[in-house]
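Structure, as structure tokens:
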Amino acid sequence: MRGWLLSLSLLLITSTVMASDTLLPVEQARRVSPVIGHLVAPEALRPCCAFGYDLNVRAIGVPIPVYQIGNVLTIDTLGHHHYNDSALAAVKDLIGLNDEKSGLIYTHRGGFIDIAHVRDTADNTFYIFSRIYPKLGSQWRFFYSEELGLRRIQLNAFTPPASMPQRYTLAAWLAGKIAFELAQWHEIAQWYGFQSVPGFSEEISAFSPEDLYSNLLGARLAINVILQGNAGSIDAYNKAMDKQIHQALVGLGVVSREETERMFRDVDGDWWNSKRRVPDKFLVLKRNYSLSENRFPTAVPFERSHPYQLHMPAVIDGIRLSTLGELQIYKGRDMERLPAPLDYYTSAQFPPLAEKAQAADKTQLDRMLK
């Protein structure tokens with residue numbers, strides 16, 4: 001009897017994994033497609049979003065009584081993806097000219113999704129792929145701008161596969177992996193004092209519960225876009241991203257605006273405090289400090305649907321991606337509260353930094369709630 005129950009359990013687990021894999025399977029390129037020759041790096045991130053909705057704001061310590069940040073999107077109000085739509089996005093939003101929308105949306109299987117994080121990591125994946133694909137197999141490096149530390153992407157020398165589709169596949173997955181490492185670092189940098197706008201603390205957003213799941217989703221969607229042959233132009237990439245985001249949200253069980261707002265209300269006082277104002281750090285009460293590349297969404301109370309686990313495979317075609325290249329963080333000019341690395345940080349050194357942040361936040365929050 002026990003053996004029969006064990007077999008049944010294994011069958012159910014296998015069936016669940018197979019069902020999950022139909023949404024975002026680990027794909028490979030069937031052929032080598034054109035790759036865009038030059039892209040401007042997406043150095044800035046899209047201006048979005050503290051966790052919550054209809055958020056009140058204060059500036060220089062003074063509450064702004066009328067202005068509120070809406071934050072909530074629906075499947076029909078996503079607009080159209082625009083690569084590197086960051087520098088003027090806030091201005092275009094204010095005057096109503098932005099065709100691309102960012103905000104938060106709830107899904108039954110993926111929890112809360114931050115569309116800005118999806119778009120940003122997708123764009124980083126596309127950009128990194130365009131840079132590393134021609135250099136794959138060579139000892140080579142290139143730099144991003146500083147984010148507390150100086151961000152460098154390092155490729156290692158190795159003998160790439162003879163098959164060009166295999167090389168194309170490896171480059172796409174490596175690009176997505178490194179783009180997710182950039183997202184991991186961004187969460188750490190925000191907590192340790194990075195400010196994209198001087199004088200405006202970003203601690204409110206550090207390790208927000210939906211952030212890294214959304215980033216990982218963006219990396220996986222962009223990898224699909226690349227492997228399906230849409231990396232030859234910005235226009236092809238943008239159109240394919242529109243389709244991928246839409247399909248993913250439908251597959252994750254996207255809900256209406258009213259239902260998203262209801263879920264925000266249901267976790268008010270647990271995940272966020274609607275009585276606080278942006279940029280108060282503890283407007284956000286619930287955070288997820290896990291940096292895992294294989295992750296479920298942060299568990300939402302009252303949700304009964306089976307959550308969807310996102311994977312970033314460590315090995316593709318028998319080759320461990322971490323041996324091919326990585327993100328390295330070197331000492332920056334102003335590392336704030338972040339201890340400077342002896343040489344450089346890699347993603348292997350990120351978890352202790354997140355754990356330190358978690359312990360400090362718990363202590364501070366416990367004191368506030370006494």
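Here, A, B, ... name the chains of the structure tokens in the order displayed, residue numbers run from 1 inside each chain, and ligands are numbered from 1 in the same displayed order.
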For the contact check between region 138-248 of chain A and region 36-57 of chain A, emit one row per residue of region 138-248 of chain A within 6 Å, containing the shortest atom pair and the distance in Å rounded to one decimal, counting only C-alpha atoms, chain then rising number order, as a tab-separated table.
```
residue	atom	partner	partner_atom	distance
A:Ser205	CA	A:Ala50	CA	5.8
A:Gly232	CA	A:Ile36	CA	4.5
A:Ser233	CA	A:Ile36	CA	5.4
```
What's the 9 Å shell around Ala206 (chain A), counting only C-alpha atoms, without same-chain residues fewer than 5 positions away, as a ChimeraX atom specification?
/A:186-192,211,281,287,289
Could you save the residues just selected, with all heavy atoms, as an mmCIF file, in the first residue's frame?
```cif
data_model
loop_
_atom_site.group_PDB
_atom_site.id
_atom_site.type_symbol
_atom_site.label_atom_id
_atom_site.label_comp_id
_atom_site.auth_asym_id
_atom_site.auth_seq_id
_atom_site.Cartn_x
_atom_site.Cartn_y
_atom_site.Cartn_z
ATOM 1 N N HIS A 186 20.877 44.893 -7.969
ATOM 2 C CA HIS A 186 20.100 46.124 -7.821
ATOM 3 C C HIS A 186 19.340 46.133 -6.496
ATOM 4 O O HIS A 186 19.269 47.175 -5.820
ATOM 5 C CB HIS A 186 19.135 46.291 -8.993
ATOM 6 C CG HIS A 186 18.313 47.540 -8.917
ATOM 7 N ND1 HIS A 186 18.862 48.795 -9.071
ATOM 8 C CD2 HIS A 186 16.981 47.732 -8.684
ATOM 9 C CE1 HIS A 186 17.901 49.718 -8.943
ATOM 10 N NE2 HIS A 186 16.763 49.084 -8.709
ATOM 11 N N GLU A 187 18.754 44.988 -6.119
ATOM 12 C CA GLU A 187 18.047 44.915 -4.842
ATOM 13 C C GLU A 187 19.005 45.175 -3.684
ATOM 14 O O GLU A 187 18.679 45.904 -2.732
ATOM 15 C CB GLU A 187 17.381 43.545 -4.684
ATOM 16 C CG GLU A 187 16.340 43.205 -5.730
ATOM 17 C CD GLU A 187 15.173 44.187 -5.731
ATOM 18 O OE1 GLU A 187 14.635 44.479 -4.641
ATOM 19 O OE2 GLU A 187 14.809 44.660 -6.821
ATOM 20 N N ILE A 188 20.195 44.583 -3.750
ATOM 21 C CA ILE A 188 21.210 44.788 -2.713
ATOM 22 C C ILE A 188 21.638 46.252 -2.675
ATOM 23 O O ILE A 188 21.697 46.875 -1.602
ATOM 24 C CB ILE A 188 22.421 43.872 -2.966
ATOM 25 C CG1 ILE A 188 22.017 42.403 -2.765
ATOM 26 C CG2 ILE A 188 23.596 44.241 -2.061
ATOM 27 C CD1 ILE A 188 23.041 41.405 -3.255
ATOM 28 N N ALA A 189 21.923 46.816 -3.849
ATOM 29 C CA ALA A 189 22.394 48.194 -3.919
ATOM 30 C C ALA A 189 21.364 49.163 -3.353
ATOM 31 O O ALA A 189 21.708 50.119 -2.642
ATOM 32 C CB ALA A 189 22.737 48.557 -5.362
ATOM 33 N N GLN A 190 20.079 48.942 -3.650
ATOM 34 C CA GLN A 190 19.037 49.817 -3.106
ATOM 35 C C GLN A 190 19.037 49.795 -1.587
ATOM 36 O O GLN A 190 18.895 50.840 -0.945
ATOM 37 C CB GLN A 190 17.661 49.380 -3.626
ATOM 38 C CG GLN A 190 17.379 49.760 -5.069
ATOM 39 C CD GLN A 190 15.968 49.370 -5.473
ATOM 40 O OE1 GLN A 190 15.524 48.251 -5.250
ATOM 41 N NE2 GLN A 190 15.252 50.305 -6.066
ATOM 42 N N TRP A 191 19.184 48.617 -1.008
ATOM 43 C CA TRP A 191 19.141 48.518 0.448
ATOM 44 C C TRP A 191 20.359 49.200 1.072
ATOM 45 O O TRP A 191 20.253 49.847 2.125
ATOM 46 C CB TRP A 191 19.085 47.057 0.893
ATOM 47 C CG TRP A 191 18.721 46.919 2.341
ATOM 48 C CD1 TRP A 191 17.470 46.769 2.857
ATOM 49 C CD2 TRP A 191 19.608 46.939 3.465
ATOM 50 N NE1 TRP A 191 17.522 46.702 4.229
ATOM 51 C CE2 TRP A 191 18.825 46.809 4.634
ATOM 52 C CE3 TRP A 191 20.997 47.077 3.599
ATOM 53 C CZ2 TRP A 191 19.375 46.785 5.915
ATOM 54 C CZ3 TRP A 191 21.548 47.060 4.884
ATOM 55 C CH2 TRP A 191 20.747 46.919 6.014
ATOM 56 N N TYR A 192 21.518 49.072 0.425
ATOM 57 C CA TYR A 192 22.754 49.609 0.985
ATOM 58 C C TYR A 192 23.013 51.070 0.608
ATOM 59 O O TYR A 192 24.103 51.577 0.855
ATOM 60 C CB TYR A 192 23.939 48.733 0.579
ATOM 61 C CG TYR A 192 24.026 47.446 1.383
ATOM 62 C CD1 TYR A 192 23.406 46.282 0.939
ATOM 63 C CD2 TYR A 192 24.704 47.402 2.588
ATOM 64 C CE1 TYR A 192 23.466 45.102 1.668
ATOM 65 C CE2 TYR A 192 24.781 46.219 3.332
ATOM 66 C CZ TYR A 192 24.164 45.080 2.870
ATOM 67 O OH TYR A 192 24.227 43.915 3.606
ATOM 68 N N ASP A 211 9.597 41.682 -6.560
ATOM 69 C CA ASP A 211 10.632 42.180 -7.466
ATOM 70 C C ASP A 211 11.364 41.087 -8.239
ATOM 71 O O ASP A 211 11.346 41.050 -9.475
ATOM 72 C CB ASP A 211 11.640 43.036 -6.702
ATOM 73 C CG ASP A 211 11.148 44.450 -6.460
ATOM 74 O OD1 ASP A 211 10.037 44.782 -6.927
ATOM 75 O OD2 ASP A 211 11.866 45.223 -5.808
ATOM 76 N N LYS A 281 10.255 53.910 4.095
ATOM 77 C CA LYS A 281 10.731 52.540 3.877
ATOM 78 C C LYS A 281 9.707 51.506 4.298
ATOM 79 O O LYS A 281 9.453 50.524 3.592
ATOM 80 C CB LYS A 281 12.045 52.312 4.623
ATOM 81 C CG LYS A 281 12.557 50.876 4.525
ATOM 82 C CD LYS A 281 13.899 50.706 5.182
ATOM 83 C CE LYS A 281 14.364 49.256 5.076
ATOM 84 N NZ LYS A 281 15.717 49.063 5.643
ATOM 85 N N ARG A 287 8.950 41.603 2.701
ATOM 86 C CA ARG A 287 10.027 41.580 1.716
ATOM 87 C C ARG A 287 10.462 40.137 1.477
ATOM 88 O O ARG A 287 10.205 39.260 2.292
ATOM 89 C CB ARG A 287 11.211 42.446 2.172
ATOM 90 C CG ARG A 287 10.817 43.913 2.367
ATOM 91 C CD ARG A 287 11.945 44.801 2.853
ATOM 92 N NE ARG A 287 11.417 46.096 3.252
ATOM 93 C CZ ARG A 287 11.258 47.137 2.444
ATOM 94 N NH1 ARG A 287 11.626 47.040 1.172
ATOM 95 N NH2 ARG A 287 10.751 48.270 2.884
ATOM 96 N N TYR A 289 13.922 38.233 0.616
ATOM 97 C CA TYR A 289 15.379 38.412 0.532
ATOM 98 C C TYR A 289 16.062 37.261 -0.200
ATOM 99 O O TYR A 289 17.275 37.268 -0.344
ATOM 100 C CB TYR A 289 15.971 38.547 1.934
ATOM 101 C CG TYR A 289 15.394 39.707 2.727
ATOM 102 C CD1 TYR A 289 14.227 39.551 3.476
ATOM 103 C CD2 TYR A 289 16.006 40.953 2.724
ATOM 104 C CE1 TYR A 289 13.688 40.606 4.209
ATOM 105 C CE2 TYR A 289 15.480 42.012 3.452
ATOM 106 C CZ TYR A 289 14.317 41.831 4.184
ATOM 107 O OH TYR A 289 13.784 42.884 4.900
#
```
Applying 12 Å and only C-alpha atoms, which residues near Ser347 (chain A) remain after dropping the ones on its own chain fewer than 3 positions away? List them as number ranges by chain.
A: 151, 153, 177-186, 188, 291-293, 322, 325-329, 344, 350-354
Give me a file of those residues, with N, CA and C atoms, as a tab-separated table (two decimals), in the first residue's frame.
```tsv
chain	number	residue	atom	x	y	z
A	151	ARG	N	30.01	47.76	-12.11
A	151	ARG	CA	29.49	46.49	-12.64
A	151	ARG	C	30.23	46.10	-13.92
A	153	ILE	N	30.86	42.82	-16.69
A	153	ILE	CA	30.48	41.50	-17.18
A	153	ILE	C	31.71	40.86	-17.79
A	177	LYS	N	20.95	34.78	-17.59
A	177	LYS	CA	21.49	34.54	-16.24
A	177	LYS	C	22.18	35.79	-15.71
A	178	ILE	N	23.00	36.43	-16.53
A	178	ILE	CA	23.72	37.62	-16.07
A	178	ILE	C	22.76	38.79	-15.86
A	179	ALA	N	21.73	38.90	-16.70
A	179	ALA	CA	20.74	39.95	-16.51
A	179	ALA	C	20.03	39.77	-15.17
A	180	PHE	N	19.76	38.54	-14.78
A	180	PHE	CA	19.14	38.30	-13.47
A	180	PHE	C	20.11	38.63	-12.35
A	181	GLU	N	21.40	38.38	-12.55
A	181	GLU	CA	22.40	38.77	-11.55
A	181	GLU	C	22.43	40.28	-11.38
A	182	LEU	N	22.27	41.02	-12.48
A	182	LEU	CA	22.16	42.48	-12.38
A	182	LEU	C	20.96	42.88	-11.52
A	183	ALA	N	19.85	42.17	-11.68
A	183	ALA	CA	18.65	42.46	-10.89
A	183	ALA	C	18.89	42.12	-9.41
A	184	GLN	N	19.55	41.01	-9.14
A	184	GLN	CA	19.89	40.67	-7.75
A	184	GLN	C	20.72	41.79	-7.12
A	185	TRP	N	21.73	42.23	-7.85
A	185	TRP	CA	22.60	43.29	-7.34
A	185	TRP	C	21.81	44.58	-7.10
A	186	HIS	N	20.88	44.89	-7.97
A	186	HIS	CA	20.10	46.12	-7.82
A	186	HIS	C	19.34	46.13	-6.50
A	188	ILE	N	20.19	44.58	-3.75
A	188	ILE	CA	21.21	44.79	-2.71
A	188	ILE	C	21.64	46.25	-2.67
A	291	LEU	N	17.57	35.20	-3.11
A	291	LEU	CA	18.16	35.54	-4.41
A	291	LEU	C	18.15	34.33	-5.35
A	292	SER	N	17.39	33.33	-5.02
A	292	SER	CA	17.40	32.07	-5.76
A	292	SER	C	17.06	32.28	-7.24
A	293	GLU	N	17.73	31.52	-8.09
A	293	GLU	CA	17.45	31.51	-9.52
A	293	GLU	C	16.34	30.52	-9.87
A	322	SER	N	27.78	29.19	-15.39
A	322	SER	CA	28.64	30.02	-14.54
A	322	SER	C	30.11	29.93	-14.92
A	325	GLY	N	30.81	32.82	-17.96
A	325	GLY	CA	30.85	34.25	-17.72
A	325	GLY	C	30.05	34.60	-16.48
A	326	GLU	N	30.21	35.84	-16.00
A	326	GLU	CA	29.54	36.24	-14.77
A	326	GLU	C	29.54	37.75	-14.63
A	327	LEU	N	28.70	38.23	-13.72
A	327	LEU	CA	28.71	39.62	-13.31
A	327	LEU	C	29.70	39.77	-12.16
A	328	GLN	N	30.54	40.80	-12.25
A	328	GLN	CA	31.49	41.11	-11.19
A	328	GLN	C	31.25	42.54	-10.73
A	329	ILE	N	31.29	42.76	-9.41
A	329	ILE	CA	31.06	44.09	-8.84
A	329	ILE	C	32.35	44.54	-8.15
A	344	TYR	N	36.46	41.66	-5.90
A	344	TYR	CA	35.16	41.96	-6.47
A	344	TYR	C	34.13	40.97	-5.94
A	350	PHE	N	26.56	37.38	-2.99
A	350	PHE	CA	25.38	38.21	-2.78
A	350	PHE	C	24.53	37.76	-1.57
A	351	PRO	N	24.29	36.43	-1.37
A	351	PRO	CA	23.37	36.03	-0.30
A	351	PRO	C	23.72	36.54	1.09
A	352	PRO	N	25.00	36.54	1.53
A	352	PRO	CA	25.28	37.09	2.86
A	352	PRO	C	24.90	38.56	2.99
A	353	LEU	N	25.01	39.33	1.90
A	353	LEU	CA	24.62	40.74	1.94
A	353	LEU	C	23.11	40.87	2.10
A	354	ALA	N	22.36	39.99	1.44
A	354	ALA	CA	20.89	39.99	1.58
A	354	ALA	C	20.49	39.53	2.98
```
Enumerate, in order of chain and increasing residue number, the residues of region 179-222 of chain A with an atom no farther than 6 Å from region 115-121 of chain A, each with its shortest atom pair and distance in Å to one decimal, counting only C-alpha atoms, as CSV.
```
residue,atom,partner,partner_atom,distance
A:Ala179,CA,A:Thr121,CA,5.9
A:Ser214,CA,A:Val118,CA,5.1
A:Asn215,CA,A:Val118,CA,5.0
A:Gly218,CA,A:Val118,CA,4.0
A:Ala219,CA,A:Thr121,CA,5.5
```
Proximity of region 171-222 of chain A to region 310-315 of chain A: per-residue shortest pair, 8 Å limit, only C-alpha atoms, as a tab-separated table:
```
residue	atom	partner	partner_atom	distance
A:Lys177	CA	A:Met312	CA	6.8
A:Tyr213	CA	A:Leu310	CA	7.7
A:Leu216	CA	A:Leu310	CA	7.2
A:Leu217	CA	A:Leu310	CA	7.1
A:Arg220	CA	A:Met312	CA	7.6
```
Those residues you just picked out, can you put them in a file as a compact mmCIF listing (two decimals), in the first residue's frame with C-alpha atoms?
```txt
# COMPACT_ATOMS: atom_id res chain seq x y z
CA LYS A 177 21.49 34.54 -16.24
CA TYR A 213 10.22 36.93 -9.38
CA LEU A 216 13.36 36.36 -13.45
CA LEU A 217 10.18 36.27 -15.52
CA ARG A 220 12.98 34.02 -19.24
```
Nearest-residue call for Thr77 (chain A), choices A:Gln244, A:Ser138, A:Ser33, A:Ser256, using only C-alpha atoms
A:Ser256
Near Asn273 (chain A), counting only C-alpha atoms, which residues have an atom at most 9 Å away, once you skip same-chain residues fewer than 6 positions from it, shown as a short mmCIF file (atom, residue, chain, number, x, y, z; two decimals) with N, CA and C atoms, in the first residue's frame?
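Output contents, as saved in selection.cif:
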```cif
data_model
loop_
_atom_site.label_atom_id
_atom_site.label_comp_id
_atom_site.auth_asym_id
_atom_site.auth_seq_id
_atom_site.Cartn_x
_atom_site.Cartn_y
_atom_site.Cartn_z
N GLY A 52 1.97 48.38 -3.46
CA GLY A 52 0.72 48.96 -2.99
C GLY A 52 0.01 49.65 -4.14
N VAL A 267 -3.95 42.34 1.73
CA VAL A 267 -2.64 42.22 2.38
C VAL A 267 -2.20 43.54 3.02
N PHE A 282 9.08 51.72 5.47
CA PHE A 282 8.19 50.69 5.99
C PHE A 282 6.74 50.93 5.59
N LEU A 283 6.54 51.64 4.47
CA LEU A 283 5.29 51.49 3.75
C LEU A 283 5.21 50.03 3.28
N VAL A 284 6.37 49.45 2.92
CA VAL A 284 6.45 48.04 2.55
C VAL A 284 6.86 47.24 3.79
N LEU A 285 6.01 46.33 4.22
CA LEU A 285 6.24 45.54 5.42
C LEU A 285 6.77 44.14 5.12
#
```
Hey, what's within 8 Å of Val254 (chain A) if we count only C-alpha atoms and toss same-chain stuff fewer than 2 positions away? As a ChimeraX atom specification, please?
/A:75,105-108,249-252,256
Rounded to one decimal in Å, what is the spacing between CA of Asp123 (chain A) and CA of Glu147 (chain A)?
17.5 Å
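Excluding Asn156 (chain A) itself and same-chain residues fewer than 4 positions from it, the residues having an atom within 9 Å of it are Leu136, Gly137, Ser138, Gln139, Trp140, Arg141, Thr323, Leu324, Gly325 and Glu326 of chain A, counting only C-alpha atoms.
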Next, dump the selected residues to file, keeping only N, CA, C and O atoms, as a CSV table (one decimal), in the first residue's frame.
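So the final result, stored in selection-v5.csv, reads:
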```csv
chain,number,residue,atom,x,y,z
A,136,LEU,N,31.5,35.0,-27.6
A,136,LEU,CA,31.3,33.7,-26.8
A,136,LEU,C,32.5,32.8,-27.1
A,136,LEU,O,32.9,32.5,-28.2
A,137,GLY,N,33.2,32.4,-26.0
A,137,GLY,CA,34.4,31.5,-26.1
A,137,GLY,C,35.6,32.3,-25.9
A,137,GLY,O,36.7,31.7,-25.7
A,138,SER,N,35.6,33.6,-25.9
A,138,SER,CA,36.8,34.5,-25.8
A,138,SER,C,36.9,35.0,-24.4
A,138,SER,O,35.8,35.2,-23.7
A,139,GLN,N,38.1,35.3,-23.9
A,139,GLN,CA,38.3,36.1,-22.7
A,139,GLN,C,38.0,37.5,-23.0
A,139,GLN,O,38.7,38.2,-23.8
A,140,TRP,N,36.9,38.1,-22.4
A,140,TRP,CA,36.5,39.4,-22.8
A,140,TRP,C,35.6,40.0,-21.7
A,140,TRP,O,35.1,39.3,-20.9
A,141,ARG,N,35.6,41.3,-21.7
A,141,ARG,CA,34.8,42.0,-20.6
A,141,ARG,C,34.2,43.3,-21.2
A,141,ARG,O,34.7,43.9,-22.1
A,323,THR,N,30.5,28.9,-15.7
A,323,THR,CA,31.9,28.7,-16.1
A,323,THR,C,32.2,29.6,-17.3
A,323,THR,O,33.3,29.8,-17.7
A,324,LEU,N,31.1,30.1,-18.0
A,324,LEU,CA,31.3,30.8,-19.2
A,324,LEU,C,31.4,32.3,-19.0
A,324,LEU,O,32.0,33.0,-19.9
A,325,GLY,N,30.8,32.8,-18.0
A,325,GLY,CA,30.9,34.2,-17.7
A,325,GLY,C,30.1,34.6,-16.5
A,325,GLY,O,29.3,33.8,-16.0
A,326,GLU,N,30.2,35.8,-16.0
A,326,GLU,CA,29.5,36.2,-14.8
A,326,GLU,C,29.5,37.8,-14.6
A,326,GLU,O,30.3,38.5,-15.3
```
Quick one: everything within 10 Å of Gly229 (chain A), counting only C-alpha atoms, minus sequence neighbours fewer than 6 positions away in the same chain. Send it as a PyMOL selection string.
chain A and resi 29-35+236-237+240
Run DSSP on the backbone and grab whatever in region 163-331 of chain A lands in strand (DSSP E or B); send it over as a PyMOL selection string.
chain A and resi 254+268+272+277-278+284+294-295+310-311+315-316+319-320+325-330
